[in-house]
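Below is one structure; the comments refer to it alone.
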Amino acid sequence: MPSETHVATLECAGNSRVFLIPQVAGAQWELGAVGNAEWTGVPLSALLERAGLADDACEIVLEGADRGTPAEPPVPPGPISYARSLPRHKAVQPEVLIAYQMNGRDLPVDHGYPVRAVVPGHYGMASVKWLTHIHAVREPFGGYWQTSDYAYWGDLDGKPVRRALGEIKLKSEIARPRVYETLAPNQRYTVFGVAWAGETEVTGIAVSTDGGANWAEADFIDPAQPHAWRRWTFDWMTPKKPGRYILLARARDSSGYVQPDKHDPRHGSYVINHPLPIEVFVNDGDGAAAAGTPA
Ligand SMILES: Nc1nc2c(c(=O)[nH]1)N[C@H]1C(S)=C(S)[C@@H](COP(=O)(O)O)O[C@H]1N2
Ligand SMILES: [Mo]
C-alpha cells in the first residue's frame with residue numbers, strides 16, 4: 001500500500017511530572033519524555049477506506065500486543081491489552097499513520113516493532129505500539145486506558161466528567177543549560193530549547209533568566225511545520241554576580257494561547273505544560289563554585 005513519511009513530536013502526557021509540587025505518583029519524568037522523529041507508514045485513512053468504514057462508526061480502537069492486569073484499582077475482571085480509541089474525525093486525518101519505520105529504519109522494538117500507530121498532535125498514549133488490531137466501533141469506547149488512566153476531568157454543564165486525554169497542549173523546554181549546571185559569570189551563553197504544540201502552530205517563544213520577572217524573545221531555528229517541534233536559541237549574557245538563577249521558557253501559538261502559569265489540577269498527574277523552572281548557578285569566575293552550588 002502507499003506509504004507516507006511525516007515528522008511528528010511525541011510527548012508522553014506525564015512528561016515533566018517531577019516538576020509538580022507536591023510530588024505525585026507515577027514515573028518521575030524530567031524533560032526527556034518527548035522526542036521528534038520521522039515516521040513512515042500507511043495512512044490509517046487508506047486502510048479504513050479499503051476496509052469500508054460504516055457510516056455509523058464513531059471511533060477507531062487501536063489495540064497493542066501487551067496484556068496484563070493493572071496494579072491499581074479499579075482492577076478489570078481479567079487481563080486487558082493496551083487499547084485506545086481515536087475519534088473518527090482524527091482517525092481519518094492524513095497525518096495518522098500505521099508506521100513501520102522511524103527515522104528511515106525498521107521501528108526498534110521499544111518503539112513498537114513491527115507496526116505502531118503514530119497520531120501526530122496527540123499525547124504519546126494515542127500512538128499504540130505493537131499494534132495487533134484495528135476495530136471501528138458504534139459507541140464511544142470507554143476502555144481502561146482512557147477512563148481510569150490517561151484521562152482527565154472535563155466539564156459538562158458544570159459537572160465534572162471523565163474524558164480521554166487527546167491533543168498535546170502547547171509547551172516548551174530548555175535543553176541547555178541543564179538543571180543545576182554551573183556557568184561562568186559575564187559571558188555570552190546560548191540557551192537552547194524546543195517548543196511544540198498539538199494541532200496549532202508555535203508562533204513565539206520568550207525566555208526569562210530571572211525567575212519570570214522579565215521576558216525577552218528567543219529566535220527559532222526551524223520554520224513552523226505541523227506537528228513537529230521548533231528548536232530555538234536565546235543569547236544570554238550571564239550575570240556578573242555569582243548565585244542561583246531560574247531560567248524559564250514560555251511559548252505562544254497561532255490561536256493566541258500562551259503556556260499557562262500553573263499546572264491545571266483537573267489534569268491530575270498529566271499535561272504538565274507550564275513554564276518549567278531550570279535552576280542554574282553562576283560561579284565567581286575563578287572556577288570556584290558559587291555559594292549554594294550542590295557538592
Ligand atoms: N502497546 C502499547 N502502546 C503504547 C504504550 C503501551 O504501554 N503499550 N504506551 C503509550 C505511551 S503512554 C507513550 S508515551 C508512547 C511512548 O512511545 P515511545 O516508547 O515510542 O516513546 O507509547 C504509547 N503506546
Ligand atoms: Mo506516556
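Letters A, B, ... mark the chains of the C-alpha cells in the order given; residue numbers begin at 1 per chain; ligand numbers begin at 1, in order shown.
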
Next on the checklist: Just want the 7 Å neighbourhood of Ala164 (chain A), counted on only C-alpha atoms, with same-chain residues fewer than 2 positions away dropped. Output as a ChimeraX atom specification.
Outcome noted: /A:146-147,150-152,162,166

Would you write out those residues with C-alpha atoms, as a compact mmCIF listing (two decimals), in the first residue's frame?
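File part.txt, as written:
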```txt
# COMPACT_ATOMS: atom_id res chain seq x y z
CA GLN A 146 -8.77 6.28 28.52
CA THR A 147 -11.05 6.38 31.57
CA TYR A 150 -4.74 8.66 30.59
CA ALA A 151 -7.91 10.64 31.32
CA TYR A 152 -8.76 13.99 32.91
CA ARG A 162 -14.07 11.78 32.78
CA GLY A 166 -6.02 13.74 23.48
```

Show me, as a Markdown table, the residues of region 88-197 of chain A having an atom within 10 Å of region 35-58 of chain A, each with the closest atom pair and its distance in Å, using only C-alpha atoms.
```
| residue | atom | partner | partner_atom | distance |
| --- | --- | --- | --- | --- |
| A:Arg88 | CA | A:Cys58 | CA | 5.4 |
| A:His89 | CA | A:Cys58 | CA | 8.5 |
| A:Lys90 | CA | A:Ser45 | CA | 9.6 |
| A:Ala91 | CA | A:Leu44 | CA | 6.7 |
| A:Val92 | CA | A:Ser45 | CA | 4.6 |
| A:Gln93 | CA | A:Ser45 | CA | 6.7 |
| A:Pro94 | CA | A:Pro43 | CA | 6.1 |
| A:Glu95 | CA | A:Pro43 | CA | 6.8 |
| A:Val96 | CA | A:Pro43 | CA | 5.8 |
| A:Leu97 | CA | A:Pro43 | CA | 4.3 |
| A:Ile98 | CA | A:Gly41 | CA | 5.2 |
| A:Ala99 | CA | A:Gly41 | CA | 3.8 |
| A:Tyr100 | CA | A:Gly41 | CA | 5.5 |
| A:Gln101 | CA | A:Thr40 | CA | 5.0 |
| A:Met102 | CA | A:Trp39 | CA | 4.8 |
| A:Asn103 | CA | A:Glu38 | CA | 4.8 |
| A:Gly104 | CA | A:Thr40 | CA | 7.4 |
| A:Arg105 | CA | A:Thr40 | CA | 9.0 |
| A:Asp106 | CA | A:Thr40 | CA | 9.3 |
| A:Leu107 | CA | A:Trp39 | CA | 9.1 |
| A:Val115 | CA | A:Gly41 | CA | 8.5 |
| A:Arg116 | CA | A:Gly41 | CA | 9.0 |
| A:Ala117 | CA | A:Leu44 | CA | 8.2 |
| A:Val118 | CA | A:Trp39 | CA | 7.6 |
| A:Val119 | CA | A:Leu44 | CA | 9.7 |
| A:Pro120 | CA | A:Trp39 | CA | 10.0 |
| A:Gly124 | CA | A:Gly35 | CA | 10.0 |
| A:Ile134 | CA | A:Leu48 | CA | 9.3 |
| A:His135 | CA | A:Ala57 | CA | 9.5 |
| A:Ala136 | CA | A:Ala57 | CA | 5.8 |
| A:Val137 | CA | A:Ala57 | CA | 5.3 |
| A:Arg138 | CA | A:Ala57 | CA | 4.7 |
| A:Glu139 | CA | A:Cys58 | CA | 6.4 |
| A:Pro140 | CA | A:Cys58 | CA | 6.8 |
| A:Phe141 | CA | A:Cys58 | CA | 9.3 |
| A:Trp196 | CA | A:Asn36 | CA | 9.8 |
```

Next on the checklist: Calculated over only C-alpha atoms, which of the candidates A:Pro114, A:Gly158, A:His6, A:Ser269 has the smallest distance to Gln28 (chain A)?
Outcome noted: A:Ser269

Checklist entry - Can you list, as a PyMOL selection string, every residue of region 122-240 of chain A that DSSP puts in strand (DSSP E)? => result chain A and resi 131-137+151-156+159-164+171-176+182-183+188-196+202-208+216-217+219-220+230-237

Item to check | Shell around region 184-189 of chain A at 6 Å using only C-alpha atoms, local window under 4 positions removed, as a ChimeraX atom specification | outcome: /A:235-240,282-283,285

Checklist entry - How far is it from CA of Glu199 (chain A) to CA of Trp130 (chain A), in Å with one decimal? => result 25.2 Å

Checklist entry - By how many Å are CA of Ile80 (chain A) and CA of Gly14 (chain A) apart? => result 21.6 Å

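Those protein and nucleic acid residues that have any atom within 8 Å of ligand 2 are, using only C-alpha atoms and all ligand atoms, A:Glu11, A:Cys12, A:Ala13, A:Gly14, A:Asn15, A:Ala33, A:Tyr123, A:Gly124, A:Met125.
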
Dump of N, CA, C and O atoms for the selected residues, as an mmCIF file, in the first residue's frame:
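Result file follows (out-v5.cif):
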```
data_model
loop_
_atom_site.group_PDB
_atom_site.id
_atom_site.type_symbol
_atom_site.label_atom_id
_atom_site.label_comp_id
_atom_site.auth_asym_id
_atom_site.auth_seq_id
_atom_site.Cartn_x
_atom_site.Cartn_y
_atom_site.Cartn_z
ATOM 1 N N GLU A 11 4.956 13.362 22.700
ATOM 2 C CA GLU A 11 5.252 13.659 24.105
ATOM 3 C C GLU A 11 4.370 12.784 24.984
ATOM 4 O O GLU A 11 3.160 12.698 24.759
ATOM 5 N N CYS A 12 4.979 12.157 25.972
ATOM 6 C CA CYS A 12 4.215 11.420 26.973
ATOM 7 C C CYS A 12 3.415 12.445 27.774
ATOM 8 O O CYS A 12 3.941 13.502 28.145
ATOM 9 N N ALA A 13 2.142 12.132 28.053
ATOM 10 C CA ALA A 13 1.294 13.071 28.793
ATOM 11 C C ALA A 13 1.830 13.335 30.203
ATOM 12 O O ALA A 13 1.486 14.334 30.824
ATOM 13 N N GLY A 14 2.694 12.429 30.706
ATOM 14 C CA GLY A 14 3.266 12.609 32.043
ATOM 15 C C GLY A 14 4.640 13.251 32.036
ATOM 16 O O GLY A 14 5.284 13.367 33.096
ATOM 17 N N ASN A 15 5.088 13.700 30.852
ATOM 18 C CA ASN A 15 6.410 14.327 30.757
ATOM 19 C C ASN A 15 6.510 15.516 31.724
ATOM 20 O O ASN A 15 5.549 16.283 31.848
ATOM 21 N N ALA A 33 10.785 12.871 28.273
ATOM 22 C CA ALA A 33 9.724 12.020 27.711
ATOM 23 C C ALA A 33 9.043 12.709 26.535
ATOM 24 O O ALA A 33 7.813 12.762 26.418
ATOM 25 N N TYR A 123 -1.090 13.308 22.592
ATOM 26 C CA TYR A 123 -0.094 12.786 23.524
ATOM 27 C C TYR A 123 0.264 11.349 23.159
ATOM 28 O O TYR A 123 -0.532 10.631 22.530
ATOM 29 N N GLY A 124 1.458 10.942 23.595
ATOM 30 C CA GLY A 124 2.040 9.648 23.213
ATOM 31 C C GLY A 124 1.135 8.446 23.392
ATOM 32 O O GLY A 124 1.194 7.503 22.594
ATOM 33 N N MET A 125 0.280 8.475 24.416
ATOM 34 C CA MET A 125 -0.534 7.280 24.703
ATOM 35 C C MET A 125 -1.466 6.904 23.562
ATOM 36 O O MET A 125 -1.941 5.772 23.499
#
```

Checklist entry - Using only C-alpha atoms and all ligand atoms, which residue out of A:Val24, A:Val109, A:Val128, A:Val202 lies closest to ligand 1? => result A:Val128

Next on the checklist: Applying 6 Å and only C-alpha atoms, which residues near Ile168 (chain A) remain after dropping the ones on its own chain fewer than 5 positions away? List them as a ChimeraX atom specification.
Outcome noted: /A:121-123,198

Now that the selection is made, can you save its residues with N, CA, C and O atoms as a PDB file, in the first residue's frame?
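Writing the result to result_17.pdb gives the following:
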```
ATOM      1  N   GLY A 121       0.114  15.182  17.006  1.00  0.00           N
ATOM      2  CA  GLY A 121      -0.777  16.153  17.644  1.00  0.00           C
ATOM      3  C   GLY A 121      -1.428  15.637  18.916  1.00  0.00           C
ATOM      4  O   GLY A 121      -1.983  16.414  19.685  1.00  0.00           O
ATOM      5  N   HIS A 122      -1.394  14.318  19.135  1.00  0.00           N
ATOM      6  CA  HIS A 122      -1.956  13.761  20.369  1.00  0.00           C
ATOM      7  C   HIS A 122      -0.821  13.276  21.278  1.00  0.00           C
ATOM      8  O   HIS A 122       0.245  12.889  20.793  1.00  0.00           O
ATOM      9  N   TYR A 123      -1.090  13.308  22.592  1.00  0.00           N
ATOM     10  CA  TYR A 123      -0.094  12.786  23.524  1.00  0.00           C
ATOM     11  C   TYR A 123       0.264  11.349  23.159  1.00  0.00           C
ATOM     12  O   TYR A 123      -0.532  10.631  22.530  1.00  0.00           O
ATOM     13  N   GLY A 198       0.035  20.828  19.780  1.00  0.00           N
ATOM     14  CA  GLY A 198      -0.726  19.721  19.215  1.00  0.00           C
ATOM     15  C   GLY A 198      -1.215  20.058  17.826  1.00  0.00           C
ATOM     16  O   GLY A 198      -0.538  19.789  16.842  1.00  0.00           O
TER      17      GLY A 198
END
```
